[in-house]
Every structure is written in C-alpha cells, then in structure tokens.
Amino acid sequence: MITSLLIANRGEIACRIIRTARAMGIRTIAVYSDADAKALHVRQADEAVHIGPSPARESYLVGDKIIAAAKETGAEAIHPGYGFLSENADFAQAVIDAGLVWVGPKPDSIRAMGLKDAAKALMQAAGVPVTPGYMGDNQDPAFLAEQAATIGYPVLIKAVAGGGGKGMRKVDAAADFPDALDSCKREAASSFGNDVVLIEKWIESPRHIEVQVFGDAHGNVVHLFERDCSLQRRHQKVIEEAPAPGMDQVTREAVCGAAVKAAQAVHYEGAGTIEFIADASEGLRADRIWFMEMNTRLQVEHPVTEEITGVDLVEWQLRVASGEALPKRQDELSISGHAIEARLYAEDPAREFLPSVGQLDHFDLGDSGRIETGVEERDAISPFYDPMIAKLVARGDGRAEAIAGLADMLDEVEVWPVRTNAGFLFNALLHPAFGAAEIDTGFIARELEELVPDPEPGDSVWRGAAAVALAEDEEEPGLGSLAGFRLNAAPSARVALGRGGNFRSISLDDDAEIAPVSGFRDDHHVVVFLEGQAFGFDRNARGSVGAAAGDGAILAPMPGKVTSVEVAAGDAVVKGQRLLTLEAMKMEHGLVAPFDGVVAELNAAAGAQVQVDAVLAVIKPQEPSS
C-alpha cells in the first residue's frame, strides 16, 4: 500500500482526498500557490509545498513543479484530483517516468478517450451505442454542411477536444450552419488549440446520464450504477443525483453494461465515468441512450455514488494504484436509497450569476447531511480558481426524502458577504417539475426566471431582520464573533433598518408576520438568512448615502477592486456615462450613470477593495434651470 501521497490539486477535492488518505494511514502532501498559502487543504495536510504564483498556469498546471515537490518530500504517489492535470496523459506519463505511482488510469487510456471523435469510433467498434452523427476527418465546411443535412436538423456542432460547454453550437436550420461552424471552430482553436469538430444529432429532450466505472490492473472492471446530471446551466452541472429517476432495471442493465464494455475497450484502471445522452421524450429507454464521452478521472459528483453504494471511491483509487484488486465484485454491489448533490457556488444569480469573491466573514453550512468544502470562516474566495465553495449532499430512503433533506441543508446555508447560489438551488429543488422528475438539460434555461430568487426582501423578512436587531441574548453577536442564531420569538418594538440608503421604521407586534430567519448583527449591520438567501441591512444612517439604488445610488455588484474612477464629486454626467470600473474574477465591470445628473457623492478611489452592495457613488438628477 502507498504510504505517502502528494495531492496535485486544491480546495474541496484536496481536502476530500486527505480525509480518506489519513483514515488509511497515508501521509499527505499538499501543494499550493500564493493565493492558497493559508488554504484549508494546506492546513489539513501533513506537509505542504509552495509551487508558484496564484494563476493556475504558473502553479497547479506546471507538472514539473509538482513532480519536483513529490521528489522533495519523498512522496510515493501523486493523486491529481479532478480538473487541472487530472486528464493530461503527458503529465501522467511524466509521473510514472519519475518513478512515482500515478493514481489514475494509464496514459494510453487517457489518450484513447481524450478526443471525442476517436473515442466514439473506438466505442462503435466495441459495440457501445453512440449518438448518430459524423465523426470523420473531413473538415471541409461544405462537406460538413452536407453531413448535417443528412443527419437532419437540429444538429450539434461539437469540438472534438472540447469540454465545459466550450466549442459547442446548436444549429436549427441549414442557413445558420456556416456561421455557427465558423464560430465553433474559432472558439475551439482559442480554447483547446484544436479546431476539429464533429456533428451530432441534437436530442430534443436530453438527459445527461453517466455511469461510474472502476477497473484494476488484474483485468477486472465493474460499474457502480448511474447518476443523473441533467440539471445544468450553460453546460455546467448544478444538481446531480443517483440513481437516475425513472431508470428501470432493464434499461439500467443495458446502459451500465455498455459502460463496462467502454472501459474494457481501453483496458481501464482506476475511477472513470462513461457519459451518455438520453432522449427522454418517451422516458428512459435502452434504445435511446447513446455514448457521449468518457471522463478519465474522479468526478465532482462522485459523493452521490458513494452514498448509495457505501463505497469510498478515493480508497478504491488508492488501493488499485497500489496494485490491489478491486475490493468488490459486481454481484457484491447494490443500490441503497437515493442521494442528491448541489454545487454551492460563489456567484450572484440576481446579477446574471456574476462571480463573487472576497473574505467569508460569516460561513456556516449547518450540521446536517454531507458537506464537502475546501474553505472555513475567514478564508477567502479567490478570483483565480473555480468559484465552487462546497458540495452539499443529502441521502434518503427515496428520492423525495433526499430532495427534502437537501432543501433543509440549503435553508441552513449562511454565507456573508460573498454571494452564493443557495437560494437558486433551493428553488430548483422545490420546483414541482423537478419533484416529478420532469427534467432534461434545458430545465434551468426554461425555468430560469422562476428559479432566480428576488434579491429584495419582502416585508416579513424586513420584520425578521428587525427581530434579529432587537433580540436579547447572552452575548452580543457581532462581526468579531459572528454568532448566529435562529429566531424563536419577536419582541414588541420598533426599529429602523436600511438597504441602499433607504431606511424604514419596522414595527413588531403580536400580529406581525415574521419570516423564520437566522442571522447575526453588530453595532451597524444586521444580516439574515432564509431559504439560502442572504439579506444585509444597515442599523443606522451613518454616512447617509442619500438615495436608493433605483434613485441614483451606484452599488458594487460584487466584491472587487476599483481600478479606475472617471468622475469627481460635483461633475455633471449623462445617462450611460462610465463613472468607475470594478475588477473581479479577472473581469472588468463598468458602472455607469443611470440618468442625466450630478455626482452628489463619490465614495470610491482607484485601488480600493470594496464589498458587494457598497455605495460607490450617488447620482442626483440635474435641477431644472429657472
């Protein structure tokens, strides 16, 4: 058995691997960039090595630095986690050539599944059903247009080296094909250095079904059943569950059997996922589920499989990498219950899912269910990496129980001042169509307006905030202790609270409807949480901003850095004129005047770090001349 392991990753997955390795008595070594010097995975590991600046291309993506760190610390093996270098065959080979154990599939297996067209051709030869389409070498635009017409519109143009939703275009009619092809090829060349595409039949009611497979060096391959990952936003998975709702035993045996064939075709070792696309217009049927691609690594959503099978997939990875046979045979694996996972992201659904960065002044994910995270209170969400804060996983005897459990977990989420998608996830889980398993990959896009929660608190939430402001407890909560509590009863009193400069006098009495919020307060603020949403209030009018956002207050849409200020107090401005620029997540966001007027207040300076909803400026309408 491996005795020391370097984890070539960060955040939640690094912490997840450390937990299993420690339970197995394996010494763990973390690597970290400048941005992660104080990160949770660094604190949890037995040893840690600095590998470079904050950008991933200068640290986590530099294989030579990672191998050098393994050599320096005496690590026997390298686990790549997911993302970064996990599916890089050249890195896997370099690890092996350095005399280290690679915790993953053989480089040849990674290469065989690395390009979508070659992988599909291999799957066809192995008897695995693939999506109808064209996967050949001829990339002549006229020829590809002919193939699209033969397949029948709508079709999907897909980069063979693509991933994460990039290099994909749906085309509904022949007239749109040339422009869509050019656009797809440009994006593929820019993102992957490869502009080769394939053409697939567009599936009108698609569900994303994937099967967890596992192989060892002794020729054994098993599946650990399927997951449904159909809830996606812009081709990124949001909610995943296992088993797939509506999957009967005959269809399960067919799709899982095809997944095992796929793994055997590349002599697969370790954890992998065979991804299928299903036409669910008539339910899940074996003759309408086709191979899409293989992910030659552990998946983000692996916990739902662990929850229904009782298997620790990371432990299996480490045992197989050490040369052991698979711990269980196929007939020893079974499904027990239902599990569902939600990805908690640092983003603001109310602002078109803009990323949110900054320090987690208050961070409490509750104590129910399974929580996988790479951060703690007072840690920071960095602009350099994926904004996933945590994975929340609930298990139940059935699907309805699992959904209810995850909804309860999301209701307990308390994160401030960084924004999250918890309220959005809460709404998605409790949507009637989701509960009825009437889902496909277009569900979120169709229901988006209904799923994005209103960012403004209703009257009952205002009263809940007032009750938190007035509640008596043994220790005054504040930003120092960030003590939180659930509201049990409301006092009979009156308090003034404000948002964006607008203050309201809130009266509490026995008849007042008060939302069942949780929250905290200090001398100047009240923050309350309800159904995954966070609402901040001012307790007094210090530094009065003079206007609400709709009346000319310019609020920071997310935590970030002011990179430039183009106006001064007293300047006359016209509607649409840029006032200042905010940088966050390596993107610039220009803030403009909402109407013609005068800069009445300016509270921002170039170089300043600001938090979400900070009032940066106030524009007042130009007084009419007499």
# chains A, B, ... in the order shown; residues from 1 in each chain; ligands from 1
$ residues_around --residues "Val357 (chain A)" --least-positions-apart "4" --cutoff "12 Å" --atoms "only C-alpha atoms" --output "ChimeraX atom specification"
/A:345-348,361,379-389,415-420,557-561,583-587,609-612
$ residues_around --residues "region 512-515 of chain A" --least-positions-apart "3" --cutoff "7 Å" --atoms "only C-alpha atoms" --output "VMD selection string"
chain A and resid 460 to 461 463 to 464 508 to 509
$ residues_around --residues "Ala189 (chain A)" --least-positions-apart "4" --cutoff "10 Å" --atoms "only C-alpha atoms" --output "ChimeraX atom specification"
/A:159,161-162,167,184-185,193-196
$ closest_atom_pairs --of "region 112-192 of chain A" --to "region 77-91 of chain A" --cutoff "10 Å" --atoms "only C-alpha atoms" --output "Markdown table"
| residue | atom | partner | partner_atom | distance |
| --- | --- | --- | --- | --- |
| A:Ala112 | CA | A:Ala89 | CA | 9.7 |
| A:Met113 | CA | A:Glu87 | CA | 9.6 |
| A:Gly114 | CA | A:Glu87 | CA | 7.9 |
$ closest_residue --among "A:Cys15, A:Ala271, A:Ala263, A:Ile335" --to "Gly104 (chain A)" --atoms "only C-alpha atoms"
A:Ala271
$ residues_around --residues "region 223-230 of chain A" --least-positions-apart "3" --cutoff "6 Å" --atoms "only C-alpha atoms" --output "JSON, numbers by chain"
{"A": [207, 208, 209, 210, 211, 212, 213, 240, 241, 242, 243, 244, 440, 441]}
$ select_by_dssp --residues "region 12-205 of chain A" --states "alpha helix (DSSP H)" --output "PyMOL selection string"
chain A and resi 12-23+40-44+63-73+89-97+107-114+116-125+141-151+177-192
$ closest_residue --among "A:Ala428, A:Ile26, A:Leu410, A:Ala556" --to "Glu449 (chain A)" --atoms "only C-alpha atoms"
A:Ala428
$ closest_residue --among "A:Gln317, A:Thr3, A:Ser322, A:Thr131" --to "Gly25 (chain A)" --atoms "only C-alpha atoms"
A:Thr3
$ atom_distance --atom1 "CA of Ala390 (chain A)" --atom2 "CA of His302 (chain A)"
13.5 Å
$ select_by_dssp --residues "region 96-293 of chain A" --states "strand (DSSP E)" --output "ChimeraX atom specification"
/A:101-102,133-134,155-163,166-171,197-201,206-215,221-233,236-242,270-279,289-293
$ residues_around --residues "Ala422 (chain A)" --least-positions-apart "3" --cutoff "10 Å" --atoms "only C-alpha atoms" --output "ChimeraX atom specification"
/A:342-349,407,409-415,419,425-428,453,530-534
$ residues_around --residues "Asp36 (chain A)" --least-positions-apart "5" --cutoff "9 Å" --atoms "only C-alpha atoms" --output "PyMOL selection string"
chain A and resi 10-11+31+41-42+54+382
$ residues_around --residues "Gly590 (chain A)" --least-positions-apart "6" --cutoff "7 Å" --atoms "only C-alpha atoms" --output "NGL selection string"
:A and (578 or 580-582)
$ atom_distance --atom1 "CA of Val452 (chain A)" --atom2 "CA of Thr305 (chain A)"
28.4 Å
$ atom_distance --atom1 "CA of Ile66 (chain A)" --atom2 "CA of Trp316 (chain A)"
23.1 Å
